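Worksheet for the structure shown next.
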Amino acid sequence: MSLKRYTISVDGTIPVPALLYDDEVLLISQEGVGIYDGPQKAPHHQSGTLHATTHRLFYIDNAHSFSRSFSLDLAHVGRTEYYAGLFTSSAKITLYLNDPPPRPLTSIVADRAESSLDSPAASYQVEFWECEVCSNRNPIGLTSSAAFVCALCGVPRASMKAPITIPSRQTAAGSYSLSKSLPSSSVNLAKLRLSSSPSPSPPVPEVPAPPATGEVACIACTFLNSPLLQECEICGTPLPRKPSLAPPPRLPAKSAPASRSATPALDSDDDDDDNPDKRMIRLSFRKGGDKAFYNVLRRTLLGRAWESKAVAAAVEAPSSSSSSSRPLGRSGINGILRSVETTAATAQSNMEDALADLEALMVKWKDMVKLAQDLNERLTAASTPAPGISLVPGAPLGGATTLSTPAVEPEEATFIRSSLAQLGLQMANAPVTQDMVRDERKWFEELAKELAGVLEGSGAKGGEGMMRKRGIVALDEVWGGWNRARGVALIPPATFLQVLPHLPSFTLPPIRMRTFAASGLSVLHTPPYGSATFASRLVSILTLVGPRTTVEVAQEEDLPIGLTEEMVHEVEMAGEICRDDGGSGVSIFSSPGAPWAASEGGEVHWWVNIFRGYVWDGQE
Amino acid sequence: MALTTHTTSSGFVLPSIHAAKPFFTQQPNPATQKTVTENWTRLILSYARHKKLFTLRIEDATDDKSEWDEVLRNPRIQRRLRPSHLAAILSSMVAANQAMYEPPNQTSSVLLFWRSPEEWAQVLYDWANSTGHLNTIMTFYEIVEPPVPSPLEGLPLPILRKAIAVLTKSARAQIIAVADGEGVRFLPGVPGR
């Protein structure tokens, strides 16, 4: 059954290369292959040659190449399995097929009417379409993007009259009629399938058939009526006739509306195939070559050459006039995958468009830099003579001639130069430093204003400033806090340091930077923590309450101990205080042999500098 | 905090600074340390003069039995001068010609010049003059170990030599080699000088 449903019979008398589409490539051939339809051998396909192309698998029967050959679209193949063979059992490749495709029209036709179309040979006269502009007969390859554009004049294939009398047949089958407005691709597909040409059927998932006893919804009150009724049981509205009930969920069969309704009606034996385990075809390699063939096949399946074409077709299709009516909606995972692919393809092309500009810029950057340089030089040349003239307006030196060139306004020059600088085209040696400094100063001042807000807490927002409660903060903490407050466009440390000198003018009380000589630690501090102020405060504390250790001072000042140490040391270096490092009291016995340095156990106590101004009061 | 002077059992008046703990600590601030050293130098020299001490060794800073103990240690504030600090003070004293390393080529022991060589020279000459030893030849031993107590008693020979050298320069003394060592002859100087 799988064989019948998935394969399309071809005329094996034609050499395989002649059966290929434009963009299809024959990859590998292997003779001596038998086919299993599901678990059983297919009696008519036991000895033939297998050809794998990028899109299809061809089986050309040795004995009856005309009638028993077929092709299988690789798009149907869900997964493969390889069996290496054992003793008399030959190596096999099992192809598990996806959900059943709509039944090829050939079989419908063959089943319903013994028409001449049954023969595959009858198909080849419609393998071309005629361009309506230049009348070139273009070969049809569904997988080829060329199928939608005339190869000669490049005009897209417009929606056109259906070249074959499908509609009549379809209406006879009681299905949806193909409208004239169907997009070209659908028409093509219909046509192709009708003619049983070797075109791949799209991998359309089959929607499960509705329950046979499907009730009929009233179009007026939506009451579900028995299918036997002619009118609604509730409101008496005439019920839609049964054939037109063809359930909407079955609609979406992408591009083969022709076969849609026929399938369930005709294939009474379909249910056998719905078991996924049975939906498979086995290739039995009686004469070896299985390994190479399997490798090629697997690579081809991974490559999915047919899908890229489908995407290309999907992208091109909307250009046709009736794209909106095209039944694009596919259901199931395939539909989702397809839409994802389409999105990805669109994004890719958008990206390429966007990056094309960037690439152009990369090519042009040298020119841009040159241009900027040139502009700079001209500005300098234009502005240099200007002040000289203004200084001597009445000079008889023929200033008029120089004046004839319109002097560039300084504001304009500044603007142009700052624009160039912002573009990163600032020349290092360009003589615009004066102007740029003017701008930079502004920039630093703005930054300083912002930093002041961070430190003192902007009154409007009521935010708590970093230094609202603390008089002294280490520089790294300020930098980190500021950048955290900014969130974006972080300030590099170098800029931060350049901003700091501007800070006192924007803060009240002025916040200044101070660097400790001993460790190089830099802090921002309010006036009470300036070196002189702190020193005098410390001295008065020591005078009032006596010697203090660093820790005690830190507690009193509510400062970190490390920071206090730095500050106290600075005061000591200024000579305001002196130290008593203790630890060498008489109580601690230090023998001559013992390392005296080890006796430095005491904590340093800070004293007011008692030596300053000391007058000898001992014995002469 | 009022620091007060303290009179030791030997009758020496310690300056009030000796009661301040920082006085016993080497100060990192060079300016402060200079004052500390100056005060220590003054204290050491005045104590040496008081007790007629000529030698000060680093070990005295750690020796409770040393005759310097009263100065180098202050039990009332639980402080003592550290040997390293003392060494620094001694070196600055040597540099200021207020002491000399003795024996030479080491730094742990000094002779203190609580009188400068010039002052000693004057004392020596005055003593010789007053005791009628002018124009006589005296050995060094006779000078530093006189039968009658004199201010030169116990004077270390290096200091004596320095003093004599000063006198020699001004032609008031003359070094003479004698049988059992060195001798000196004091010359009556020119009154005008």
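As shown in the structure tokens, the chain order sets the letters A, B, ...; within each chain, residues go from 1, and ligands are also counted from 1 in the order they appear.
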
Could you list, as a ChimeraX atom specification, the residues of chain B having an atom within 6 Å of chain A when counting only C-alpha atoms? /B:13-15,21-22,25,29,46,62,78-79

Separation of CA of Leu112 (chain B) and CA of Phe54 (chain B), in Å?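 If I compute the distance from CA of Leu112 (chain B) to CA of Phe54 (chain B), I get 5.1 Å.
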
CA of Leu500 (chain A) to CA of Leu559 (chain A): how many Å, to one decimal?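 Atom-to-atom, CA of Leu500 (chain A) and CA of Leu559 (chain A) are spaced 22.1 Å apart.
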
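One finds CA of Glu440 (chain A) at 25.8 Å from CA of Met466 (chain A).
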
Considering only C-alpha atoms, return as a list of chain:residue names whatever protein or nucleic-acid residues lie within 10 Å of Pro83 (chain B), sequence-local ones (same chain, fewer than 2 positions apart) excluded.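 Surrounding residues, per the criterion: A:Pro592, A:Trp596, A:Ala597, B:Arg57, B:Ile58, B:Glu59, B:Asp60, B:Ala61, B:Thr62, B:Leu72, B:Arg80, B:Leu81, B:His85, B:Leu86, B:Ala87, B:Ala88, B:Ile89, B:Ser108.
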
Identify which of the residues B:Gln174, B:Gln122, B:Thr168, B:Asn74 lies closest to Ile137 (chain B), counting only C-alpha atoms when measuring atom-to-atom distances. B:Gln174

Hey, what's within 10 Å of region 145-154 of chain B if we count only C-alpha atoms and toss same-chain stuff fewer than 6 positions away? As a ChimeraX atom specification, please? /B:52-54,120,123-124,127,131,160

Write to file, as a PDB file, in the first residue's frame, the residues of the selection just made, with N, CA and C atoms.
ATOM      1  N   LYS B  52      79.050  61.034  86.016  1.00  0.00           N
ATOM      2  CA  LYS B  52      80.418  60.888  85.506  1.00  0.00           C
ATOM      3  C   LYS B  52      80.574  59.564  84.762  1.00  0.00           C
ATOM      4  N   LEU B  53      79.672  59.340  83.879  1.00  0.00           N
ATOM      5  CA  LEU B  53      79.719  58.127  83.065  1.00  0.00           C
ATOM      6  C   LEU B  53      80.307  58.477  81.718  1.00  0.00           C
ATOM      7  N   PHE B  54      81.140  57.600  81.215  1.00  0.00           N
ATOM      8  CA  PHE B  54      81.746  57.864  79.907  1.00  0.00           C
ATOM      9  C   PHE B  54      81.270  56.894  78.845  1.00  0.00           C
ATOM     10  N   TRP B 120      87.398  69.608  77.610  1.00  0.00           N
ATOM     11  CA  TRP B 120      88.314  68.743  78.355  1.00  0.00           C
ATOM     12  C   TRP B 120      89.737  69.287  78.321  1.00  0.00           C
ATOM     13  N   VAL B 123      89.937  71.943  80.798  1.00  0.00           N
ATOM     14  CA  VAL B 123      89.927  71.380  82.156  1.00  0.00           C
ATOM     15  C   VAL B 123      91.299  70.792  82.474  1.00  0.00           C
ATOM     16  N   LEU B 124      91.827  70.075  81.507  1.00  0.00           N
ATOM     17  CA  LEU B 124      93.131  69.423  81.696  1.00  0.00           C
ATOM     18  C   LEU B 124      94.222  70.461  81.955  1.00  0.00           C
ATOM     19  N   TRP B 127      93.833  72.050  85.256  1.00  0.00           N
ATOM     20  CA  TRP B 127      94.247  71.151  86.340  1.00  0.00           C
ATOM     21  C   TRP B 127      95.763  71.122  86.455  1.00  0.00           C
ATOM     22  N   THR B 131      97.803  72.377  89.632  1.00  0.00           N
ATOM     23  CA  THR B 131      98.544  71.413  90.439  1.00  0.00           C
ATOM     24  C   THR B 131     100.048  71.521  90.221  1.00  0.00           C
ATOM     25  N   LEU B 160      91.173  61.646  76.496  1.00  0.00           N
ATOM     26  CA  LEU B 160      92.361  62.357  76.936  1.00  0.00           C
ATOM     27  C   LEU B 160      93.243  62.711  75.751  1.00  0.00           C
TER      28      LEU B 160
END

Neighbouring residues of Asn97 (chain B) were defined as those with any atom within 10 Å, considering only C-alpha atoms; residues of the same chain fewer than 2 positions away were excluded. Please report them as a ChimeraX atom specification. /B:91-95,99-100,112-113,116-117

For Val16 (chain A), list every protein, DNA or RNA residue within 8 Å, evaluated using only C-alpha atoms, and leave out those in the same chain fewer than 4 positions away; present the list as number ranges by chain. A: 12, 20, 51, 58

Chain B: which residues are strand (DSSP E) by DSSP, as a ChimeraX atom specification? /B:6-7,13-14,55-57,73-74,79-80,99-101,109-112,137-139,173-178,181-186

Using only C-alpha atoms, which of A:Asp99, A:Glu31, A:Asp37, A:Asp73 sits nearest Gly332 (chain A)?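 For Gly332 (chain A), the nearest of the given residues is A:Asp99.
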